[in-house]
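Below: data_37.tsv (TSV, C-alpha atoms)
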chain	number	residue	atom	x	y	z
A	8	MET	CA	-11.40	4.19	21.19
A	9	GLN	CA	-10.60	1.03	19.25
A	10	ILE	CA	-7.20	0.30	17.74
A	11	ILE	CA	-7.36	-0.90	14.14
A	12	ASP	CA	-4.96	-3.83	14.22
A	13	GLY	CA	-3.51	-4.11	10.72
A	14	LYS	CA	-1.08	-6.80	11.79
A	15	ALA	CA	-3.80	-9.14	13.05
A	16	THR	CA	-6.00	-8.43	10.03
A	17	ALA	CA	-3.11	-9.18	7.67
A	18	VAL	CA	-2.58	-12.52	9.41
A	19	GLU	CA	-6.25	-13.38	8.80
A	20	ILE	CA	-6.02	-12.44	5.12
A	21	LYS	CA	-2.80	-14.42	4.68
A	22	ALA	CA	-4.59	-17.48	6.04
A	23	GLU	CA	-7.40	-16.93	3.53
A	24	ILE	CA	-4.90	-16.56	0.67
A	25	LYS	CA	-2.98	-19.69	1.75
A	26	SER	CA	-6.22	-21.67	1.75
A	27	GLU	CA	-6.86	-20.60	-1.85
A	28	VAL	CA	-3.29	-21.38	-2.88
A	29	ASP	CA	-3.48	-24.83	-1.29
A	30	ALA	CA	-6.65	-25.49	-3.30
A	31	ILE	CA	-4.98	-24.29	-6.51
A	32	ILE	CA	-2.01	-26.60	-6.00
A	33	ALA	CA	-4.27	-29.50	-4.98
A	34	GLY	CA	-6.07	-29.00	-8.29
A	35	GLY	CA	-2.85	-29.64	-10.18
A	36	GLU	CA	-2.02	-26.01	-11.03
A	37	ARG	CA	1.19	-24.20	-10.17
A	38	ALA	CA	1.54	-21.83	-7.24
A	39	PRO	CA	1.22	-18.09	-7.90
A	40	HIS	CA	4.60	-16.51	-8.67
A	41	LEU	CA	5.66	-13.00	-7.60
A	42	ALA	CA	8.99	-11.37	-8.51
A	43	ALA	CA	10.67	-8.23	-7.17
A	44	ILE	CA	13.36	-6.13	-8.82
A	45	LEU	CA	15.65	-4.43	-6.32
A	46	VAL	CA	18.15	-1.80	-7.44
A	47	GLY	CA	20.94	-0.87	-5.03
A	48	HIS	CA	21.10	-1.50	-1.30
A	49	ASP	CA	18.80	1.04	0.33
A	50	GLY	CA	18.12	-0.15	3.89
A	51	GLY	CA	14.38	0.44	3.79
A	52	SER	CA	13.99	-1.23	0.40
A	53	GLU	CA	16.10	-4.22	1.48
A	54	THR	CA	13.92	-4.71	4.55
A	55	TYR	CA	10.66	-4.32	2.64
A	56	VAL	CA	11.65	-6.77	-0.10
A	57	ALA	CA	12.78	-9.28	2.51
A	58	TYR	CA	9.35	-9.04	4.12
A	59	LYS	CA	7.70	-9.61	0.75
A	60	ILE	CA	9.73	-12.78	0.17
A	61	LYS	CA	8.79	-14.01	3.65
A	62	ASP	CA	5.12	-13.23	2.98
A	63	CYS	CA	5.24	-15.29	-0.22
A	64	GLU	CA	6.69	-18.26	1.63
A	65	GLU	CA	3.96	-18.07	4.28
A	66	VAL	CA	1.10	-18.25	1.77
A	67	GLY	CA	2.69	-20.78	-0.59
A	68	PHE	CA	3.67	-18.42	-3.41
A	69	ARG	CA	6.82	-18.86	-5.43
A	70	SER	CA	9.01	-15.75	-5.23
A	71	THR	CA	11.96	-14.46	-7.24
A	72	LEU	CA	14.32	-11.61	-6.36
A	73	VAL	CA	16.16	-9.87	-9.20
A	74	ARG	CA	19.04	-7.65	-8.03
A	75	PHE	CA	20.91	-4.84	-9.77
A	76	GLU	CA	23.63	-2.56	-8.46
A	77	GLU	CA	22.85	1.11	-7.98
A	78	ASP	CA	24.69	2.17	-11.14
A	79	VAL	CA	22.71	-0.14	-13.44
A	80	ASP	CA	21.96	1.38	-16.86
A	81	GLU	CA	18.30	2.31	-17.32
A	82	GLN	CA	18.00	0.31	-20.55
A	83	ILE	CA	19.32	-2.84	-18.87
A	84	LEU	CA	16.60	-2.47	-16.25
A	85	ILE	CA	13.95	-1.97	-18.92
A	86	ASP	CA	15.20	-5.03	-20.81
A	87	LYS	CA	14.75	-7.13	-17.65
A	88	ILE	CA	11.24	-5.77	-17.20
A	89	LEU	CA	10.37	-6.73	-20.79
A	90	GLU	CA	11.74	-10.21	-20.12
A	91	LEU	CA	9.53	-10.56	-17.03
A	92	ASN	CA	6.54	-9.25	-18.99
A	93	ASN	CA	6.94	-12.22	-21.35
A	94	ASP	CA	7.57	-14.86	-18.67
A	95	GLU	CA	4.48	-17.09	-18.75
A	96	LEU	CA	5.41	-18.67	-15.41
A	97	LEU	CA	5.37	-15.29	-13.65
A	98	ASP	CA	2.04	-13.81	-12.53
A	99	GLY	CA	3.17	-10.43	-11.31
A	100	PHE	CA	6.19	-8.38	-10.35
A	101	ILE	CA	7.18	-5.13	-8.73
A	102	VAL	CA	10.09	-2.75	-9.13
A	103	GLN	CA	10.96	-1.59	-5.63
A	104	LEU	CA	10.94	2.19	-5.29
A	105	PRO	CA	12.68	4.57	-4.90
A	106	LEU	CA	15.13	4.11	-7.77
A	107	PRO	CA	18.51	5.87	-8.20
A	108	GLU	CA	18.31	9.42	-9.56
A	109	HIS	CA	19.68	8.51	-13.01
A	110	ILE	CA	16.69	6.24	-13.65
A	111	ASN	CA	13.32	7.67	-14.71
A	112	GLU	CA	10.81	6.03	-12.35
A	113	GLN	CA	7.78	6.81	-14.49
A	114	LYS	CA	9.44	5.33	-17.55
A	115	ILE	CA	10.15	2.15	-15.58
A	116	ILE	CA	6.58	1.94	-14.29
A	117	GLU	CA	5.17	2.34	-17.80
A	118	ALA	CA	7.44	-0.44	-19.10
A	119	ILE	CA	5.64	-2.96	-16.89
A	120	ASP	CA	2.83	-4.94	-18.49
A	121	PRO	CA	-0.39	-3.74	-16.77
A	122	LYS	CA	-1.47	-7.38	-16.49
A	123	LYS	CA	1.54	-8.02	-14.25
A	124	ASP	CA	1.57	-4.66	-12.48
A	125	VAL	CA	0.58	-5.96	-9.04
A	126	ASP	CA	1.75	-2.71	-7.43
A	127	GLY	CA	-1.05	-0.96	-9.34
A	128	PHE	CA	1.15	1.95	-10.44
A	129	HIS	CA	0.82	1.67	-14.24
A	130	PRO	CA	-1.36	4.40	-15.80
A	131	VAL	CA	-3.64	1.73	-17.28
A	132	ASN	CA	-4.41	0.31	-13.84
A	133	VAL	CA	-4.75	3.78	-12.34
A	134	GLY	CA	-7.17	4.75	-15.12
A	135	ARG	CA	-9.22	1.59	-14.71
A	136	THR	CA	-9.42	2.26	-10.97
A	137	VAL	CA	-10.64	5.81	-11.59
A	138	ILE	CA	-13.56	4.72	-13.78
A	139	GLY	CA	-14.42	1.69	-11.66
A	140	LEU	CA	-13.20	-1.09	-13.93
A	141	PRO	CA	-11.46	-4.18	-12.47
A	142	SER	CA	-7.84	-3.24	-11.83
A	143	PHE	CA	-4.82	-3.84	-9.68
A	144	VAL	CA	-5.30	-1.19	-7.01
A	145	SER	CA	-2.27	0.40	-5.38
A	146	ALA	CA	-1.46	-1.73	-2.34
A	147	THR	CA	-1.64	0.85	0.46
A	148	PRO	CA	-5.05	2.34	-0.50
A	149	ALA	CA	-6.38	-1.18	-1.12
A	150	GLY	CA	-5.19	-2.23	2.34
A	151	ILE	CA	-6.86	0.76	3.98
A	152	ILE	CA	-10.16	0.05	2.25
A	153	GLU	CA	-9.98	-3.56	3.45
A	154	LEU	CA	-9.36	-2.41	7.04
A	155	LEU	CA	-12.35	-0.07	6.95
A	156	LYS	CA	-14.57	-2.84	5.62
A	157	ARG	CA	-13.39	-5.54	8.02
A	158	TYR	CA	-13.83	-3.27	11.02
A	159	GLY	CA	-17.34	-2.36	9.87
A	160	ILE	CA	-16.55	1.36	9.83
A	161	GLU	CA	-19.34	3.36	8.23
A	162	THR	CA	-18.11	5.48	5.32
A	163	SER	CA	-21.31	6.31	3.41
A	164	GLY	CA	-22.04	10.03	3.57
A	165	LYS	CA	-19.06	10.64	5.85
A	166	ASN	CA	-16.72	13.58	5.44
A	167	CYS	CA	-13.30	12.12	4.55
A	168	VAL	CA	-10.15	14.24	4.47
A	169	VAL	CA	-7.10	12.76	2.74
A	170	LEU	CA	-3.84	14.48	3.61
A	171	GLY	CA	-1.40	14.01	0.74
A	172	ARG	CA	-1.77	13.82	-3.03
A	173	SER	CA	0.87	11.29	-4.08
A	174	ASN	CA	0.11	8.95	-6.97
A	175	ILE	CA	0.81	5.96	-4.71
A	176	VAL	CA	-1.45	6.80	-1.76
A	177	GLY	CA	-3.27	10.13	-1.64
A	178	ARG	CA	-4.83	10.32	-5.10
A	179	PRO	CA	-5.95	6.67	-5.39
A	180	MET	CA	-7.19	6.79	-1.78
A	181	SER	CA	-9.41	9.77	-2.54
A	182	ILE	CA	-10.82	8.03	-5.62
A	183	LEU	CA	-11.59	4.79	-3.81
A	184	MET	CA	-13.29	6.57	-0.90
A	185	SER	CA	-15.54	8.54	-3.27
A	186	GLN	CA	-16.67	5.51	-5.29
A	187	LYS	CA	-20.10	3.93	-4.76
A	188	SER	CA	-18.70	1.07	-2.69
A	189	MET	CA	-17.61	3.58	0.00
A	190	ASN	CA	-19.76	6.67	-0.75
A	191	ALA	CA	-17.71	9.15	1.28
A	192	THR	CA	-17.49	12.86	0.53
A	193	VAL	CA	-13.78	13.43	-0.01
A	194	THR	CA	-11.47	16.42	0.30
A	195	VAL	CA	-7.81	16.12	-0.69
A	196	ALA	CA	-5.54	18.41	1.32
A	197	HIS	CA	-1.87	19.21	0.71
A	198	SER	CA	0.92	21.69	1.45
A	199	ARG	CA	-0.98	24.59	-0.15
A	200	THR	CA	-4.30	23.94	1.58
A	201	LYS	CA	-5.55	26.87	3.65
A	202	ASP	CA	-7.03	26.48	7.16
A	203	LEU	CA	-5.68	22.93	7.34
A	204	GLU	CA	-6.33	22.57	11.07
A	205	LYS	CA	-9.98	23.53	10.64
A	206	LEU	CA	-10.38	21.19	7.66
A	207	CYS	CA	-8.87	18.23	9.50
A	208	ALA	CA	-11.04	18.94	12.54
A	209	SER	CA	-14.14	18.66	10.32
A	210	ALA	CA	-13.28	15.14	9.15
A	211	ASP	CA	-15.27	12.08	10.16
A	212	ILE	CA	-12.47	10.02	8.58
A	213	LEU	CA	-8.95	11.45	8.47
A	214	ILE	CA	-6.35	9.67	6.33
A	215	ALA	CA	-2.87	11.07	6.90
A	216	ALA	CA	-0.38	10.26	4.12
A	217	LEU	CA	2.06	13.16	4.25
A	218	GLY	CA	5.22	11.42	5.40
A	219	VAL	CA	5.80	14.17	7.97
A	220	PRO	CA	6.30	12.66	11.45
A	221	GLY	CA	3.96	14.01	14.12
A	222	PHE	CA	2.29	16.54	11.83
A	223	ILE	CA	-1.26	15.89	13.03
A	224	LYS	CA	-1.75	17.09	16.61
A	225	GLY	CA	-4.66	16.60	18.98
A	226	ASN	CA	-6.25	19.94	18.08
A	227	MET	CA	-6.60	18.81	14.45
A	228	VAL	CA	-9.11	16.00	15.03
A	229	LYS	CA	-12.66	16.03	16.28
A	230	GLU	CA	-14.01	13.68	18.90
A	231	GLY	CA	-15.19	10.37	17.47
A	232	ALA	CA	-13.21	10.63	14.24
A	233	VAL	CA	-11.63	7.66	12.50
A	234	VAL	CA	-7.91	8.25	11.96
A	235	ILE	CA	-5.82	6.24	9.50
A	236	ASP	CA	-2.10	6.98	9.84
A	237	VAL	CA	-0.20	6.02	6.68
A	238	GLY	CA	3.06	7.65	7.75
A	239	THR	CA	6.05	5.34	8.26
A	240	THR	CA	9.04	7.65	8.50
A	241	ARG	CA	12.31	6.30	9.88
A	242	VAL	CA	13.61	8.47	12.73
A	243	PRO	CA	16.82	7.92	14.74
A	244	SER	CA	16.39	6.01	17.99
A	245	THR	CA	18.78	4.85	20.70
A	246	GLU	CA	16.16	2.43	21.99
A	247	THR	CA	16.26	-0.03	19.07
A	248	LYS	CA	18.92	-2.37	17.72
A	249	SER	CA	18.50	-0.96	14.24
A	250	GLY	CA	19.17	2.59	15.42
A	251	PHE	CA	15.84	3.85	14.12
A	252	ARG	CA	12.11	3.53	14.68
A	253	LEU	CA	9.04	4.15	12.58
A	254	LYS	CA	7.01	7.24	13.31
A	255	GLY	CA	3.60	8.08	11.92
A	256	ASP	CA	2.11	11.34	10.68
A	257	VAL	CA	-0.08	11.71	13.78
A	258	VAL	CA	0.81	12.26	17.42
A	259	TYR	CA	-0.78	9.02	18.55
A	260	ASP	CA	-0.95	9.75	22.29
A	261	GLU	CA	-2.79	13.01	21.67
A	262	LEU	CA	-5.24	11.67	19.08
A	263	ALA	CA	-6.05	8.21	20.40
A	264	PRO	CA	-8.25	9.35	23.34
A	265	LEU	CA	-10.36	11.41	20.95
A	266	CYS	CA	-10.85	8.86	18.18
A	267	SER	CA	-13.44	6.14	17.68
A	268	TYR	CA	-10.86	4.16	15.66
A	269	ILE	CA	-7.15	4.71	15.02
A	270	THR	CA	-4.30	2.84	13.36
A	271	PRO	CA	-0.99	2.53	15.21
A	272	VAL	CA	2.48	2.90	13.68
A	273	PRO	CA	3.88	0.34	13.30
A	274	GLY	CA	1.25	-2.41	13.06
A	275	GLY	CA	-1.50	-0.50	11.30
A	276	VAL	CA	-1.44	0.23	7.58
A	277	GLY	CA	2.03	-1.26	6.89
A	278	PRO	CA	1.10	-4.96	7.19
A	279	MET	CA	-1.98	-4.34	5.05
A	280	THR	CA	0.15	-2.84	2.27
A	281	ARG	CA	2.19	-6.03	2.17
A	282	VAL	CA	-0.81	-8.36	2.21
A	283	SER	CA	-2.55	-6.34	-0.53
A	284	LEU	CA	0.38	-7.13	-2.81
A	285	LEU	CA	-0.27	-10.82	-2.16
A	286	SER	CA	-3.96	-10.35	-2.91
A	287	ASN	CA	-3.16	-8.65	-6.21
A	288	THR	CA	-0.76	-11.45	-7.15
A	289	LEU	CA	-3.44	-14.04	-6.43
A	290	LEU	CA	-5.90	-12.09	-8.60
A	291	ALA	CA	-3.28	-12.05	-11.37
A	292	ALA	CA	-2.69	-15.81	-11.09
A	293	LYS	CA	-6.43	-16.47	-11.28
A	294	GLY	CA	-6.90	-14.10	-14.22
A	295	ASN	CA	-9.59	-12.16	-12.35
A	296	ILE	CA	-8.58	-8.68	-13.58
A	297	TYR	CA	-7.52	-9.20	-17.18
A	298	ASN	CA	-9.02	-12.17	-19.00
Take the structure from the file and write it as structure tokens.
Amino acid sequence: MQIIDGKATAVEIKAEIKSEVDAIIAGGERAPHLAAILVGHDGGSETYVAYKIKDCEEVGFRSTLVRFEEDVDEQILIDKILELNNDELLDGFIVQLPLPEHINEQKIIEAIDPKKDVDGFHPVNVGRTVIGLPSFVSATPAGIIELLKRYGIETSGKNCVVLGRSNIVGRPMSILMSQKSMNATVTVAHSRTKDLEKLCASADILIAALGVPGFIKGNMVKEGAVVIDVGTTRVPSTETKSGFRLKGDVVYDELAPLCSYITPVPGGVGPMTRVSLLSNTLLAAKGNIYN
């Protein structure tokens, strides 16, 4: 069994990005610029955005944080998005999710210019991803693909089961794994899937993105499988200063002895999600996706 170290891989990629940014600045051009819109004071969102700002500093990006209170009017938020769309000194931006219930998330996502949609959530980027055109790929699936490639994990002809069908992880993950660059045979499973244990146990590559802590037990994976745990659910804990800890979708201690490769939680997919956002921003700054 080999642990897939997303944290170490993200550090490597950050160093690669910083080298490119240093060369851009040395050439007399400005540093890539990423902005984040944060609505309210959700603890998880606050932490995640703080990490993103720190990541930008480490690779030499300029970063901007735009804050709104939880009761912000939807139109005010859209007006700010339109302003950022037209900011020529801004390469990309994200609207941190989830948003308050009175705001239509899909409407907000669609207000973002696809050329600056470095989260890869806009329907234009999703559509381009589906048909294999250059696009900003959703950060978590992009990070998983990068891990599989960097660890030299064979995917061609392999049976891949994706647990979860969200627009952010499950659906784009299934598309990317089935494309010619990966060549896996993909099954998407969800809450209505029958014989789920049997299906999971047939997978050469199991990607768990349900958001249900400890859902995947040892009897649901075959020996030698590759297991990618996307779950990062906060659960109460008396052993941490924060009062919570992150728990994945798989029971790590049961699965790890059986797997050929497995991602831990934390330290697996999470750091790769963050670094993929940096990669997308660099692509936006270089004009590599939309010319």
For segment 261-280 of chain A against segment 160-175 of chain A, with a cut-off of 12 Å and counting all atoms listed in the file, what is the closest atom pair and its distance in Å to one decimal for every residue that makes the cut, ordered by chain and number, as JSON lines?
{"residue": "A:Ser267", "atom": "CA", "partner": "A:Ile160", "partner_atom": "CA", "distance": 9.7}
{"residue": "A:Tyr268", "atom": "CA", "partner": "A:Ile160", "partner_atom": "CA", "distance": 8.6}
{"residue": "A:Ile269", "atom": "CA", "partner": "A:Ile160", "partner_atom": "CA", "distance": 11.2}
{"residue": "A:Thr280", "atom": "CA", "partner": "A:Ile175", "partner_atom": "CA", "distance": 11.3}
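Separating atom CA of Cys207 of chain A from atom CA of Gly177 of chain A is a distance of 14.9 Å.
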Of the listed residues A:Asp211, A:Asp12, A:Glu36, A:Asp260, that which approaches Thr192 of chain A most closely, counting all atoms listed in the file |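 Going through A:Asp211, A:Asp12, A:Glu36, A:Asp260 one by one, the smallest distance to Thr192 of chain A is for A:Asp211.
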Counting only C-alpha atoms, the residue among A:Pro121, A:Gly294, A:Gly13, A:Gly47 that lies closest to Val282 of chain A is A:Gly13
Which residues are close to Ala38 of chain A, i.e. within 12 Å by only C-alpha atoms, leaving aside same-chain residues fewer than 3 positions away? Reply as an mmCIF file with C-alpha atoms, in the coordinates of the input.
data_model
loop_
_atom_site.group_PDB
_atom_site.id
_atom_site.type_symbol
_atom_site.label_atom_id
_atom_site.label_comp_id
_atom_site.auth_asym_id
_atom_site.auth_seq_id
_atom_site.Cartn_x
_atom_site.Cartn_y
_atom_site.Cartn_z
ATOM 1 C CA ILE A 24 -4.900 -16.560 0.670
ATOM 2 C CA LYS A 25 -2.980 -19.690 1.750
ATOM 3 C CA SER A 26 -6.220 -21.670 1.750
ATOM 4 C CA GLU A 27 -6.860 -20.600 -1.850
ATOM 5 C CA VAL A 28 -3.290 -21.380 -2.880
ATOM 6 C CA ASP A 29 -3.480 -24.830 -1.290
ATOM 7 C CA ALA A 30 -6.650 -25.490 -3.300
ATOM 8 C CA ILE A 31 -4.980 -24.290 -6.510
ATOM 9 C CA ILE A 32 -2.010 -26.600 -6.000
ATOM 10 C CA ALA A 33 -4.270 -29.500 -4.980
ATOM 11 C CA GLY A 34 -6.070 -29.000 -8.290
ATOM 12 C CA GLY A 35 -2.850 -29.640 -10.180
ATOM 13 C CA LEU A 41 5.660 -13.000 -7.600
ATOM 14 C CA CYS A 63 5.240 -15.290 -0.220
ATOM 15 C CA GLU A 64 6.690 -18.260 1.630
ATOM 16 C CA VAL A 66 1.100 -18.250 1.770
ATOM 17 C CA GLY A 67 2.690 -20.780 -0.590
ATOM 18 C CA PHE A 68 3.670 -18.420 -3.410
ATOM 19 C CA ARG A 69 6.820 -18.860 -5.430
ATOM 20 C CA SER A 70 9.010 -15.750 -5.230
ATOM 21 C CA LEU A 96 5.410 -18.670 -15.410
ATOM 22 C CA LEU A 97 5.370 -15.290 -13.650
ATOM 23 C CA ASP A 98 2.040 -13.810 -12.530
ATOM 24 C CA THR A 288 -0.760 -11.450 -7.150
ATOM 25 C CA LEU A 289 -3.440 -14.040 -6.430
ATOM 26 C CA ALA A 291 -3.280 -12.050 -11.370
ATOM 27 C CA ALA A 292 -2.690 -15.810 -11.090
ATOM 28 C CA LYS A 293 -6.430 -16.470 -11.280
#
Spatial neighbours of Arg252 of chain A, max dist 12 Å, all atoms listed in the file, sep filter under 5 positions, as a PyMOL selection string = chain A and resi 51+220+239-247+272-273
Correct to one decimal, the distance atom CA of Ala208 of chain A-atom CA of Val234 of chain A is 11.2 Å
Long-range neighbours of Val56 of chain A as an mmCIF file with C-alpha atoms, keeping the file's coordinate frame, 12 Å cut-off, all atoms listed in the file, 6 positions minimum in chain:
data_model
loop_
_atom_site.group_PDB
_atom_site.id
_atom_site.type_symbol
_atom_site.label_atom_id
_atom_site.label_comp_id
_atom_site.auth_asym_id
_atom_site.auth_seq_id
_atom_site.Cartn_x
_atom_site.Cartn_y
_atom_site.Cartn_z
ATOM 1 C CA LEU A 41 5.660 -13.000 -7.600
ATOM 2 C CA ALA A 42 8.990 -11.370 -8.510
ATOM 3 C CA ALA A 43 10.670 -8.230 -7.170
ATOM 4 C CA ILE A 44 13.360 -6.130 -8.820
ATOM 5 C CA LEU A 45 15.650 -4.430 -6.320
ATOM 6 C CA VAL A 46 18.150 -1.800 -7.440
ATOM 7 C CA HIS A 48 21.100 -1.500 -1.300
ATOM 8 C CA ASP A 49 18.800 1.040 0.330
ATOM 9 C CA GLY A 50 18.120 -0.150 3.890
ATOM 10 C CA ASP A 62 5.120 -13.230 2.980
ATOM 11 C CA CYS A 63 5.240 -15.290 -0.220
ATOM 12 C CA SER A 70 9.010 -15.750 -5.230
ATOM 13 C CA THR A 71 11.960 -14.460 -7.240
ATOM 14 C CA LEU A 72 14.320 -11.610 -6.360
ATOM 15 C CA VAL A 73 16.160 -9.870 -9.200
ATOM 16 C CA ARG A 74 19.040 -7.650 -8.030
ATOM 17 C CA PHE A 100 6.190 -8.380 -10.350
ATOM 18 C CA ILE A 101 7.180 -5.130 -8.730
ATOM 19 C CA VAL A 102 10.090 -2.750 -9.130
ATOM 20 C CA GLN A 103 10.960 -1.590 -5.630
ATOM 21 C CA LEU A 104 10.940 2.190 -5.290
ATOM 22 C CA ARG A 281 2.190 -6.030 2.170
ATOM 23 C CA LEU A 284 0.380 -7.130 -2.810
#
Selection as a PyMOL selection string: residues within 10 Å of (-8.0, 8.7, 22.0), counting all atoms listed in the file | chain A and resi 8-10+225+230-232+259-269
One-decimal distance in Å that lies between atom CA of Leu106 of chain A and atom CA of Ile182 of chain A | 26.3 Å
Restricting the calculation to all atoms listed in the file, which member of A:Tyr55, A:Phe75, A:Phe143, A:Phe251 is positioned closest to Gly99 of chain A?
->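 Ranking A:Tyr55, A:Phe75, A:Phe143, A:Phe251 by distance to Gly99 of chain A, first place goes to A:Phe143.
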